[in-house]
Structure formats: C-alpha cells, structure tokens
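Student: My structure file input_23.pdb, PDB, C-alpha atoms, is below:
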```
ATOM      1  CA  MET T 131     165.470 156.025 117.875
ATOM      2  CA  ILE T 132     168.110 158.728 118.314
ATOM      3  CA  SER T 133     171.482 157.209 119.154
ATOM      4  CA  THR T 134     173.587 158.262 122.115
ATOM      5  CA  GLY T 135     176.482 159.095 119.788
ATOM      6  CA  PHE T 136     174.328 161.493 117.775
ATOM      7  CA  ARG T 137     173.080 163.266 120.909
ATOM      8  CA  THR T 138     176.642 163.496 122.214
ATOM      9  CA  LEU T 139     177.951 165.035 118.999
ATOM     10  CA  VAL T 140     175.112 167.580 118.933
ATOM     11  CA  TYR T 141     175.830 168.423 122.576
ATOM     12  CA  LYS T 142     179.558 168.776 121.867
ATOM     13  CA  GLU T 143     178.983 171.068 118.863
ATOM     14  CA  THR T 144     176.412 173.162 120.726
ATOM     15  CA  LEU T 145     178.580 173.476 123.821
ATOM     16  CA  ARG T 146     181.484 174.481 121.598
ATOM     17  CA  PHE T 147     179.861 177.753 120.548
ATOM     18  CA  TRP T 148     177.891 178.353 123.730
ATOM     19  CA  LYS T 149     181.021 178.272 125.923
ATOM     20  CA  VAL T 150     182.260 181.353 124.057
ATOM     21  CA  ALA T 151     178.860 182.985 123.592
ATOM     22  CA  THR T 152     180.356 186.456 123.963
ATOM     23  CA  GLN T 153     182.234 185.879 120.717
ATOM     24  CA  THR T 154     179.808 183.626 118.842
ATOM     25  CA  VAL T 155     176.457 185.156 119.848
ATOM     26  CA  ALA T 156     176.878 188.571 121.486
ATOM     27  CA  ALA T 157     179.401 189.936 118.953
ATOM     28  CA  PRO T 158     177.204 189.258 115.873
ATOM     29  CA  VAL T 159     174.233 190.805 117.692
ATOM     30  CA  LEU T 160     176.278 193.957 118.314
ATOM     31  CA  THR T 161     177.359 194.059 114.662
ATOM     32  CA  ALA T 162     173.750 193.851 113.454
ATOM     33  CA  MET T 163     172.794 196.581 115.919
ATOM     34  CA  LEU T 164     175.438 198.868 114.448
ATOM     35  CA  TYR T 165     174.154 198.170 110.920
ATOM     36  CA  LEU T 166     170.668 199.146 112.056
ATOM     37  CA  LEU T 167     171.807 202.354 113.748
ATOM     38  CA  VAL T 168     173.876 203.472 110.753
ATOM     39  CA  PHE T 169     171.600 202.520 107.854
ATOM     40  CA  GLY T 170     168.392 203.232 109.742
ATOM     41  CA  HIS T 171     169.570 206.705 110.740
ATOM     42  CA  VAL T 172     170.810 207.601 107.259
ATOM     43  CA  LEU T 173     167.960 206.221 105.146
ATOM     44  CA  GLU T 174     164.925 206.459 107.435
ATOM     45  CA  GLY T 175     162.532 208.982 105.906
ATOM     46  CA  HIS T 176     164.309 208.835 102.538
ATOM     47  CA  VAL T 177     163.423 205.288 101.461
ATOM     48  CA  GLU T 178     160.051 203.541 101.499
ATOM     49  CA  VAL T 179     160.275 200.056 100.058
ATOM     50  CA  HIS T 180     156.679 198.988 100.682
ATOM     51  CA  PRO T 181     153.728 201.336 101.274
ATOM     52  CA  GLY T 182     153.168 201.807 104.986
ATOM     53  CA  VAL T 183     156.419 200.073 105.970
ATOM     54  CA  SER T 184     159.226 202.248 107.311
ATOM     55  CA  TYR T 185     162.763 201.589 106.171
ATOM     56  CA  THR T 186     163.842 200.596 109.680
ATOM     57  CA  ALA T 187     161.014 198.063 109.889
ATOM     58  CA  PHE T 188     162.008 196.745 106.451
ATOM     59  CA  LEU T 189     165.659 196.479 107.498
ATOM     60  CA  ILE T 190     165.185 194.551 110.754
ATOM     61  CA  PRO T 191     164.050 191.200 109.236
ATOM     62  CA  GLY T 192     166.909 191.410 106.727
ATOM     63  CA  LEU T 193     169.466 191.902 109.475
ATOM     64  CA  VAL T 194     167.974 189.071 111.519
ATOM     65  CA  MET T 195     168.110 186.661 108.594
ATOM     66  CA  MET T 196     171.589 187.785 107.558
ATOM     67  CA  SER T 197     172.823 187.035 111.069
ATOM     68  CA  VAL T 198     171.140 183.625 111.042
ATOM     69  CA  LEU T 199     172.768 182.674 107.736
ATOM     70  CA  GLN T 200     176.280 183.912 108.443
ATOM     71  CA  ASN T 201     176.493 182.337 111.877
ATOM     72  CA  ALA T 202     175.028 178.997 110.820
ATOM     73  CA  PHE T 203     177.721 178.817 108.135
ATOM     74  CA  ALA T 204     180.456 179.882 110.558
ATOM     75  CA  ASN T 205     179.538 177.261 113.146
ATOM     76  CA  ALA T 206     179.772 174.197 110.920
ATOM     77  CA  SER T 207     182.722 175.374 108.845
ATOM     78  CA  SER T 208     184.916 176.566 111.728
ATOM     79  CA  SER T 209     184.232 173.462 113.815
ATOM     80  CA  LEU T 210     185.219 171.080 111.043
ATOM     81  CA  ILE T 211     188.330 172.936 109.909
ATOM     82  CA  GLN T 212     189.569 173.246 113.501
ATOM     83  CA  SER T 213     189.036 169.529 114.045
ATOM     84  CA  LYS T 214     190.940 168.740 110.845
ATOM     85  CA  ILE T 215     193.881 171.003 111.635
ATOM     86  CA  THR T 216     194.220 169.965 115.288
ATOM     87  CA  GLY T 217     193.811 166.294 114.384
ATOM     88  CA  ASN T 218     190.913 165.505 116.705
ATOM     89  CA  LEU T 219     188.504 164.823 113.842
ATOM     90  CA  VAL T 220     189.698 161.231 114.000
ATOM     91  CA  PHE T 221     187.764 160.773 117.253
ATOM     92  CA  VAL T 222     184.535 161.569 115.394
ATOM     93  CA  LEU T 223     185.395 159.356 112.409
ATOM     94  CA  LEU T 224     186.258 156.391 114.659
ATOM     95  CA  THR T 225     182.846 156.384 116.309
ATOM     96  CA  PRO T 226     180.086 154.083 115.023
ATOM     97  CA  LEU T 227     178.161 157.127 113.780
ATOM     98  CA  SER T 228     176.804 156.941 110.247
ATOM     99  CA  HIS T 229     177.510 159.719 107.775
ATOM    100  CA  TRP T 230     173.838 160.684 108.095
ATOM    101  CA  GLU T 231     174.224 161.163 111.846
ATOM    102  CA  ILE T 232     177.430 163.177 111.485
ATOM    103  CA  PHE T 233     175.790 165.403 108.891
ATOM    104  CA  SER T 234     172.650 165.905 110.989
ATOM    105  CA  ALA T 235     174.602 166.681 114.174
ATOM    106  CA  TYR T 236     176.783 169.356 112.581
ATOM    107  CA  VAL T 237     173.868 170.966 110.742
ATOM    108  CA  LEU T 238     171.573 170.876 113.789
ATOM    109  CA  ALA T 239     174.215 172.616 115.921
ATOM    110  CA  ALA T 240     174.666 175.204 113.148
ATOM    111  CA  VAL T 241     170.906 175.799 113.081
ATOM    112  CA  LEU T 242     170.868 176.274 116.853
ATOM    113  CA  ARG T 243     173.635 178.876 116.702
ATOM    114  CA  GLY T 244     172.041 180.658 113.761
ATOM    115  CA  LEU T 245     168.664 180.841 115.482
ATOM    116  CA  ALA T 246     170.267 181.921 118.773
ATOM    117  CA  VAL T 247     172.031 184.830 117.065
ATOM    118  CA  GLY T 248     168.956 185.678 115.003
ATOM    119  CA  GLY T 249     166.807 185.683 118.134
ATOM    120  CA  GLY T 250     169.310 187.962 119.862
ATOM    121  CA  VAL T 251     169.356 190.386 116.926
ATOM    122  CA  PHE T 252     165.565 190.452 116.856
ATOM    123  CA  ALA T 253     165.354 191.045 120.611
ATOM    124  CA  VAL T 254     167.588 194.142 120.494
ATOM    125  CA  THR T 255     166.250 195.638 117.237
ATOM    126  CA  VAL T 256     162.502 195.065 117.522
ATOM    127  CA  TRP T 257     162.200 198.144 119.751
ATOM    128  CA  PHE T 258     163.257 200.471 116.934
ATOM    129  CA  ALA T 259     160.226 199.951 114.694
ATOM    130  CA  ASP T 260     156.655 198.705 114.686
ATOM    131  CA  LEU T 261     156.724 195.226 113.167
ATOM    132  CA  SER T 262     153.725 193.179 112.136
ATOM    133  CA  PHE T 263     153.637 189.403 112.021
ATOM    134  CA  GLU T 264     151.399 188.618 109.067
ATOM    135  CA  ALA T 265     152.538 185.010 108.654
ATOM    136  CA  PRO T 266     154.610 183.843 111.655
ATOM    137  CA  LEU T 267     154.886 180.269 110.390
ATOM    138  CA  TRP T 268     156.679 181.540 107.287
ATOM    139  CA  ILE T 269     159.124 183.375 109.546
ATOM    140  CA  LEU T 270     159.982 180.199 111.448
ATOM    141  CA  LEU T 271     160.076 178.068 108.285
ATOM    142  CA  PHE T 272     162.486 180.288 106.361
ATOM    143  CA  ALA T 273     164.655 180.863 109.435
ATOM    144  CA  PHE T 274     165.033 177.103 109.922
ATOM    145  CA  LEU T 275     165.548 176.287 106.230
ATOM    146  CA  GLY T 276     168.014 179.157 105.790
ATOM    147  CA  ALA T 277     170.043 178.120 108.820
ATOM    148  CA  ALA T 278     170.036 174.487 107.677
ATOM    149  CA  MET T 279     171.126 175.448 104.166
ATOM    150  CA  LEU T 280     174.018 177.609 105.382
ATOM    151  CA  GLY T 281     174.974 175.014 107.985
ATOM    152  CA  THR T 282     175.190 172.495 105.146
ATOM    153  CA  MET T 283     177.275 174.912 103.070
ATOM    154  CA  GLY T 284     179.525 175.402 106.079
ATOM    155  CA  LEU T 285     179.968 171.650 106.374
ATOM    156  CA  ILE T 286     180.918 171.413 102.690
ATOM    157  CA  ALA T 287     183.360 174.318 103.047
ATOM    158  CA  GLY T 288     184.911 172.708 106.135
ATOM    159  CA  ILE T 289     185.345 169.408 104.294
ATOM    160  CA  TRP T 290     186.885 171.098 101.258
ATOM    161  CA  ALA T 291     189.205 173.514 103.072
ATOM    162  CA  GLU T 292     192.516 172.303 104.425
ATOM    163  CA  LYS T 293     193.724 175.656 105.763
ATOM    164  CA  PHE T 294     192.069 178.579 107.483
ATOM    165  CA  ASP T 295     192.814 180.916 104.578
ATOM    166  CA  GLN T 296     190.949 178.597 102.180
ATOM    167  CA  LEU T 297     187.935 178.728 104.454
ATOM    168  CA  ALA T 298     188.262 182.506 104.735
ATOM    169  CA  ALA T 299     188.316 182.772 100.939
ATOM    170  CA  PHE T 300     185.138 180.677 100.731
ATOM    171  CA  GLN T 301     183.435 182.970 103.215
ATOM    172  CA  ASN T 302     184.775 186.293 101.937
ATOM    173  CA  PHE T 303     184.312 185.678  98.216
ATOM    174  CA  LEU T 304     181.103 183.630  98.238
ATOM    175  CA  ILE T 305     179.072 183.782 101.442
ATOM    176  CA  MET T 306     179.596 187.456 102.293
ATOM    177  CA  PRO T 307     178.865 188.898  98.817
ATOM    178  CA  ALA T 308     175.864 186.609  98.308
ATOM    179  CA  THR T 309     174.461 187.702 101.675
ATOM    180  CA  PHE T 310     174.960 191.435 101.188
ATOM    181  CA  LEU T 311     173.590 191.314  97.625
ATOM    182  CA  SER T 312     170.458 189.397  98.606
ATOM    183  CA  GLY T 313     168.239 192.363  99.434
ATOM    184  CA  VAL T 314     169.064 192.764 103.115
ATOM    185  CA  PHE T 315     169.353 196.545 102.786
ATOM    186  CA  TYR T 316     167.139 197.163  99.752
ATOM    187  CA  SER T 317     164.376 195.783  97.557
ATOM    188  CA  ILE T 318     165.574 194.405  94.243
ATOM    189  CA  HIS T 319     162.778 196.409  92.568
ATOM    190  CA  SER T 320     164.946 199.480  93.176
ATOM    191  CA  LEU T 321     167.676 198.003  90.949
ATOM    192  CA  PRO T 322     168.046 198.343  87.173
ATOM    193  CA  PRO T 323     166.508 195.443  85.183
ATOM    194  CA  PHE T 324     169.875 193.747  84.584
ATOM    195  CA  TRP T 325     170.758 193.628  88.277
ATOM    196  CA  GLN T 326     167.258 192.482  89.138
ATOM    197  CA  SER T 327     167.849 189.483  86.864
ATOM    198  CA  VAL T 328     171.216 188.838  88.504
ATOM    199  CA  SER T 329     169.623 188.992  91.959
ATOM    200  CA  HIS T 330     167.158 186.279  90.963
ATOM    201  CA  LEU T 331     170.121 183.942  90.476
ATOM    202  CA  ASN T 332     171.125 184.382  94.114
ATOM    203  CA  PRO T 333     169.486 181.759  96.386
ATOM    204  CA  PHE T 334     170.153 183.967  99.401
ATOM    205  CA  PHE T 335     167.703 186.493  97.984
ATOM    206  CA  TYR T 336     164.849 183.989  98.240
ATOM    207  CA  MET T 337     165.684 183.227 101.878
ATOM    208  CA  ILE T 338     165.653 186.920 102.797
ATOM    209  CA  ASP T 339     162.549 187.708 100.753
ATOM    210  CA  GLY T 340     160.566 184.740 102.067
ATOM    211  CA  PHE T 341     161.554 185.525 105.651
ATOM    212  CA  ARG T 342     160.534 189.173 105.261
ATOM    213  CA  TYR T 343     157.194 188.093 103.785
ATOM    214  CA  GLY T 344     156.324 186.526 107.134
ATOM    215  CA  PHE T 345     156.466 189.956 108.762
ATOM    216  CA  PHE T 346     154.725 192.184 106.233
ATOM    217  CA  GLY T 347     152.823 189.841 103.929
ATOM    218  CA  LYS T 348     154.656 191.562 101.057
ATOM    219  CA  SER T 349     157.537 190.256  99.019
ATOM    220  CA  ASP T 350     159.406 190.802  95.777
ATOM    221  CA  VAL T 351     158.547 187.300  94.516
ATOM    222  CA  ASN T 352     155.902 184.711  95.367
ATOM    223  CA  PRO T 353     156.851 183.158  98.737
ATOM    224  CA  LEU T 354     155.919 179.705  97.441
ATOM    225  CA  LEU T 355     158.561 180.134  94.715
ATOM    226  CA  SER T 356     161.071 181.192  97.372
ATOM    227  CA  LEU T 357     160.192 178.154  99.470
ATOM    228  CA  ALA T 358     160.620 175.806  96.498
ATOM    229  CA  ILE T 359     164.008 177.279  95.545
ATOM    230  CA  VAL T 360     165.363 177.296  99.093
ATOM    231  CA  GLY T 361     164.110 173.750  99.698
ATOM    232  CA  GLY T 362     165.604 172.559  96.411
ATOM    233  CA  PHE T 363     169.011 174.075  97.174
ATOM    234  CA  LEU T 364     168.961 172.583 100.668
ATOM    235  CA  ILE T 365     168.264 169.098  99.313
ATOM    236  CA  MET T 366     171.024 169.353  96.685
ATOM    237  CA  LEU T 367     173.580 170.637  99.180
ATOM    238  CA  ALA T 368     172.580 168.012 101.750
ATOM    239  CA  LEU T 369     173.038 165.196  99.222
ATOM    240  CA  LEU T 370     176.437 166.592  98.226
ATOM    241  CA  SER T 371     177.675 166.923 101.808
ATOM    242  CA  ILE T 372     176.476 163.423 102.721
ATOM    243  CA  ARG T 373     178.244 162.090  99.635
ATOM    244  CA  LEU T 374     181.468 163.819 100.707
ATOM    245  CA  LEU T 375     181.182 162.469 104.241
ATOM    246  CA  LYS T 376     180.509 158.956 102.965
ATOM    247  CA  SER T 377     183.491 159.023 100.618
ATOM    248  CA  GLY T 378     185.812 160.504 103.247
ATOM    249  CA  TYR T 379     186.889 163.262 100.851
ATOM    250  CA  ARG T 380     189.707 165.251 102.516
ATOM    251  CA  LEU T 381     188.755 163.718 105.861
ATOM    252  CA  ARG T 382     190.682 160.461 105.871
ATOM    253  CA  HIS T 383     194.390 160.785 105.228
TER     254      HIS T 383
END
```
Take the structure I supplied and represent it as structure tokens, if you would.
Tutor:
Amino acid sequence: MISTGFRTLVYKETLRFWKVATQTVAAPVLTAMLYLLVFGHVLEGHVEVHPGVSYTAFLIPGLVMMSVLQNAFANASSSLIQSKITGNLVFVLLTPLSHWEIFSAYVLAAVLRGLAVGGGVFAVTVWFADLSFEAPLWILLFAFLGAAMLGTMGLIAGIWAEKFDQLAAFQNFLIMPATFLSGVFYSIHSLPPFWQSVSHLNPFFYMIDGFRYGFFGKSDVNPLLSLAIVGGFLIMLALLSIRLLKSGYRLRH
C-alpha cells in the first residue's frame, strides 16, 4: 500500500516544477527546437546516417531523449540542493518516510518532469520529418529507464553537493559532456575507431541508441545490450543513492 507521506512528497516535488512550467518545461522545449532548426538546416541533405532515414528524422529522437535526461537530472538535483541550502530538508527527514520512499518520490517526480519535457519536444519537432514507430514499447521503456537513471544521478549529485557551484560543476563537467557525446547529433559509426571505443564507455550512448531504435528499428549496437547496460547502471546508482539516504551522508548535520 502506498503511504500518504509518499504520495504527498511526490505531489510536492511534481508541483514544484509544474508551478514554473514556463522555465522548467517550455524553456527546454524551445532550446531543443533551436537545436533542430540549426543542425537540421545545416546538415539536412549532407548527412545520411541510416539508409532511407533523413538527418532531421534521425536527430529528433536524439533531441527528445537528451531533453528527457537533462531535465530528469535537473529536477532531482536542484530540488535537493535548494532544500539543503534553505534548511527545509529537515521537514522531509523528520517524517516517518523510509529512505526507499524518499528515493522513489524524488526519482518519480524527476521521471515525470523528464517525460513532460520529452513529450513537449516531440510534439513540436515531429512535424519536421516523417518518423516511423517500429518498436513503440522500446521507446517508452528507454525513455522511462533513462529518466529514472538521470533522476537517480540527480539525487546523488544533490546529496553530494553543498553549494550551487558544486552542483553546476557536476552538471557542466559530467552530465552535459556525456549527453552531447552520446550520439545525439551523429552516429558513432562516423567516428574514428578510437572514438568509437570511447563512446562505448558512455552509458548515455546506450540510452540514446536504444531509444532511437524504437523509431527506426536500426541502431549502432544491439538494443538488448543497451537495455542490459542501462538497467545495470540504474540498479547500481539506485543502490548507491539509497545507501547515501540511509546513512544520512551530507544530509544530517
């Protein structure tokens, strides 16, 4: 049975980003739209990643997934660091919520924001290209797992960071480069062999590639391998974040 405290925390975290939807949802959608207009205009007709798939069609799923990942991370991380700095995190820690419930509430709210932004990006970009939906269940699965994984990373970053600039460093030097170098704008097969090998070390690549497979039925690696890697990373990160919550690391002073 789902506790009232858990539902309340999910509602609070969801309401937190929805009250400022212009900033948290509309702004990322506009950013993705600008990426599409710039890259699509410049490279359309010059790049064909998969036979029969235009570059704009190839780019749209990457932009959708990139938006999902970045905003899921931002929701959990910004909420926790703001609560720590303003001092109201104590009201969450004093509740009879278990560390499992706190973890699930923050990650679920992050998933909701990520999917809301991703849905918005898809709604405004789908008109620019003919997209197929070869495996829609894979689309939903990778979108959910990717959002959950980045929501969990955001929770870990929020626990670790004690100042906004620490959180910004985490996002600017880890999340942003890993996202942009994950194949959002290109196929890794277009890279030299060394950089292809480096790309295979990036878990974000498997989220993007598996998500794109759901649209075109084509991918750079086997989607089952992508699913296994993404699922494995999610489990490891979830166990780490739950461990941090249970220990009270940088939460209880």
Student: Using all atoms listed in the file, which residues sit within 12 Å of T:Ala246 once same-chain residues fewer than 6 positions away are excluded, as number ranges by chain?
Tutor: T: 144, 147-148, 151, 154-156, 158-159, 194-195, 197-199, 201-202, 205, 239-240, 252-253, 273-274, 277
Student: Applying 8 Å and all atoms listed in the file, which residues near stretch 315-323 of chain T remain after dropping the ones on its own chain fewer than 6 positions away? List them as a tab-separated table (two decimals) with C-alpha atoms, in the frame of the given file.
Tutor:
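As a result, part.tsv now contains:
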```
chain	number	residue	atom	x	y	z
T	179	VAL	CA	160.28	200.06	100.06
T	189	LEU	CA	165.66	196.48	107.50
T	192	GLY	CA	166.91	191.41	106.73
T	329	SER	CA	169.62	188.99	91.96
T	350	ASP	CA	159.41	190.80	95.78
```
Student: List the residues matched by the PyMOL selection byres ((chain T and resi 361-365) around 9) in the displayed structure as a tab-separated table (two decimals) with C-alpha atoms, in the coordinates of the input, ordered by chain and then by residue number.
Tutor:
```
chain	number	residue	atom	x	y	z
T	275	LEU	CA	165.55	176.29	106.23
T	276	GLY	CA	168.01	179.16	105.79
T	278	ALA	CA	170.04	174.49	107.68
T	279	MET	CA	171.13	175.45	104.17
T	280	LEU	CA	174.02	177.61	105.38
T	282	THR	CA	175.19	172.50	105.15
T	283	MET	CA	177.28	174.91	103.07
T	333	PRO	CA	169.49	181.76	96.39
T	356	SER	CA	161.07	181.19	97.37
T	357	LEU	CA	160.19	178.15	99.47
T	358	ALA	CA	160.62	175.81	96.50
T	359	ILE	CA	164.01	177.28	95.54
T	360	VAL	CA	165.36	177.30	99.09
T	366	MET	CA	171.02	169.35	96.68
T	367	LEU	CA	173.58	170.64	99.18
T	368	ALA	CA	172.58	168.01	101.75
T	369	LEU	CA	173.04	165.20	99.22
T	370	LEU	CA	176.44	166.59	98.23
```
Student: Please write as a list of chain:residue names the full residue list that the PyMOL selection byres ((chain T and resi 308) around 12) yields on this file.
Tutor: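 Residues picked by the PyMOL selection byres ((chain T and resi 308) around 12): T:Met196, T:Leu199, T:Gln200, T:Leu280, T:Phe300, T:Gln301, T:Asn302, T:Phe303, T:Leu304, T:Ile305, T:Met306, T:Pro307, T:Thr309, T:Phe310, T:Leu311, T:Ser312, T:Gly313, T:Val314, T:Val328, T:Ser329, T:His330, T:Leu331, T:Asn332, T:Pro333, T:Phe334, T:Phe335, T:Tyr336, T:Met337, T:Ile338.
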Student: Just write the chosen residues, C-alpha atoms, as a tab-separated table (two decimals), in the coordinates of the input.
Tutor:
```
chain	number	residue	atom	x	y	z
T	196	MET	CA	171.59	187.78	107.56
T	199	LEU	CA	172.77	182.67	107.74
T	200	GLN	CA	176.28	183.91	108.44
T	280	LEU	CA	174.02	177.61	105.38
T	300	PHE	CA	185.14	180.68	100.73
T	301	GLN	CA	183.44	182.97	103.22
T	302	ASN	CA	184.78	186.29	101.94
T	303	PHE	CA	184.31	185.68	98.22
T	304	LEU	CA	181.10	183.63	98.24
T	305	ILE	CA	179.07	183.78	101.44
T	306	MET	CA	179.60	187.46	102.29
T	307	PRO	CA	178.86	188.90	98.82
T	309	THR	CA	174.46	187.70	101.68
T	310	PHE	CA	174.96	191.44	101.19
T	311	LEU	CA	173.59	191.31	97.62
T	312	SER	CA	170.46	189.40	98.61
T	313	GLY	CA	168.24	192.36	99.43
T	314	VAL	CA	169.06	192.76	103.12
T	328	VAL	CA	171.22	188.84	88.50
T	329	SER	CA	169.62	188.99	91.96
T	330	HIS	CA	167.16	186.28	90.96
T	331	LEU	CA	170.12	183.94	90.48
T	332	ASN	CA	171.12	184.38	94.11
T	333	PRO	CA	169.49	181.76	96.39
T	334	PHE	CA	170.15	183.97	99.40
T	335	PHE	CA	167.70	186.49	97.98
T	336	TYR	CA	164.85	183.99	98.24
T	337	MET	CA	165.68	183.23	101.88
T	338	ILE	CA	165.65	186.92	102.80
```
Student: For each of T:Leu227, T:Ile269, T:Leu261, T:Val220, take the minimum atom-to-atom distance to T:Phe188, counting all atoms listed in the file, then give the residue where this is smallest.
Tutor: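 Of T:Leu227, T:Ile269, T:Leu261, T:Val220, the one nearest T:Phe188 is T:Leu261, counting all atoms listed in the file.
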Student: Considering all atoms listed in the file, can you say which of T:Leu139, T:Ile211, T:Leu285, T:Ala259 comes closest to T:Leu166?
Tutor: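 With all atoms listed in the file as the atom set, the closest residue is T:Ala259.
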Student: Might you spell out which residues the PyMOL selection byres ((chain T and resi 229) around 7) would select in the displayed file, as an MDAnalysis selection string?
Tutor: chainID T and resid 227:228 230:233 372 375:376
Student: Atoms to include: C-alpha atoms. Write the selected residues as an mmCIF file, keeping the file's coordinate frame.
Tutor:
```cif
data_model
loop_
_atom_site.group_PDB
_atom_site.id
_atom_site.type_symbol
_atom_site.label_atom_id
_atom_site.label_comp_id
_atom_site.auth_asym_id
_atom_site.auth_seq_id
_atom_site.Cartn_x
_atom_site.Cartn_y
_atom_site.Cartn_z
ATOM 1 C CA LEU T 227 178.161 157.127 113.780
ATOM 2 C CA SER T 228 176.804 156.941 110.247
ATOM 3 C CA TRP T 230 173.838 160.684 108.095
ATOM 4 C CA GLU T 231 174.224 161.163 111.846
ATOM 5 C CA ILE T 232 177.430 163.177 111.485
ATOM 6 C CA PHE T 233 175.790 165.403 108.891
ATOM 7 C CA ILE T 372 176.476 163.423 102.721
ATOM 8 C CA LEU T 375 181.182 162.469 104.241
ATOM 9 C CA LYS T 376 180.509 158.956 102.965
#
```
Student: Could you work out how far atom CA of T:Ser349 lies from atom CA of T:Leu270, giving the answer in Å with one decimal?
Tutor: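 Going from atom CA of T:Leu270 over to atom CA of T:Ser349, I get 16.2 Å.
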Student: Quick one: 8 Å padding each side, axis-aligned, all listed atoms of stretch 299-310 of chain T - centre and edge lengths in Å to one decimal, as AutoDock Vina command-line options?
Tutor:
```
--center_x 181.4 --center_y 186.1 --center_z 100.7 --size_x 29.9 --size_y 26.8 --size_z 21.0
```
Student: With a distance cut-off of 6 Å and only C-alpha atoms, select the neighbouring residues of stretch 286-293 of chain T, excluding the residue or stretch itself and same-chain residues fewer than 6 positions from it, and output the selection as a CSV table (one decimal) with C-alpha atoms, in the coordinates of the input.
Tutor:
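As a result, result-v5.csv now contains:
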```csv
chain,number,residue,atom,x,y,z
T,207,SER,CA,182.7,175.4,108.8
T,210,LEU,CA,185.2,171.1,111.0
T,211,ILE,CA,188.3,172.9,109.9
T,371,SER,CA,177.7,166.9,101.8
```
Student: Just the number, please: distance in Å from atom CA of T:Gly340 to atom CA of T:Gly249, one decimal.
Tutor: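 So the two atoms, atom CA of T:Gly340 and atom CA of T:Gly249, lie 17.3 Å apart.
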Student: Expressed in Å to a single decimal, how great is the separation between atom CA of T:Gly248 and atom CA of T:Phe272?
Tutor: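 Atom-to-atom, atom CA of T:Gly248 to atom CA of T:Phe272, that is 12.1 Å.
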Student: Restricting the calculation to all atoms listed in the file: of T:Ala235, T:Ala204, T:Met163, T:Leu193, which residue gets closest to T:Arg137?
Tutor: T:Ala235
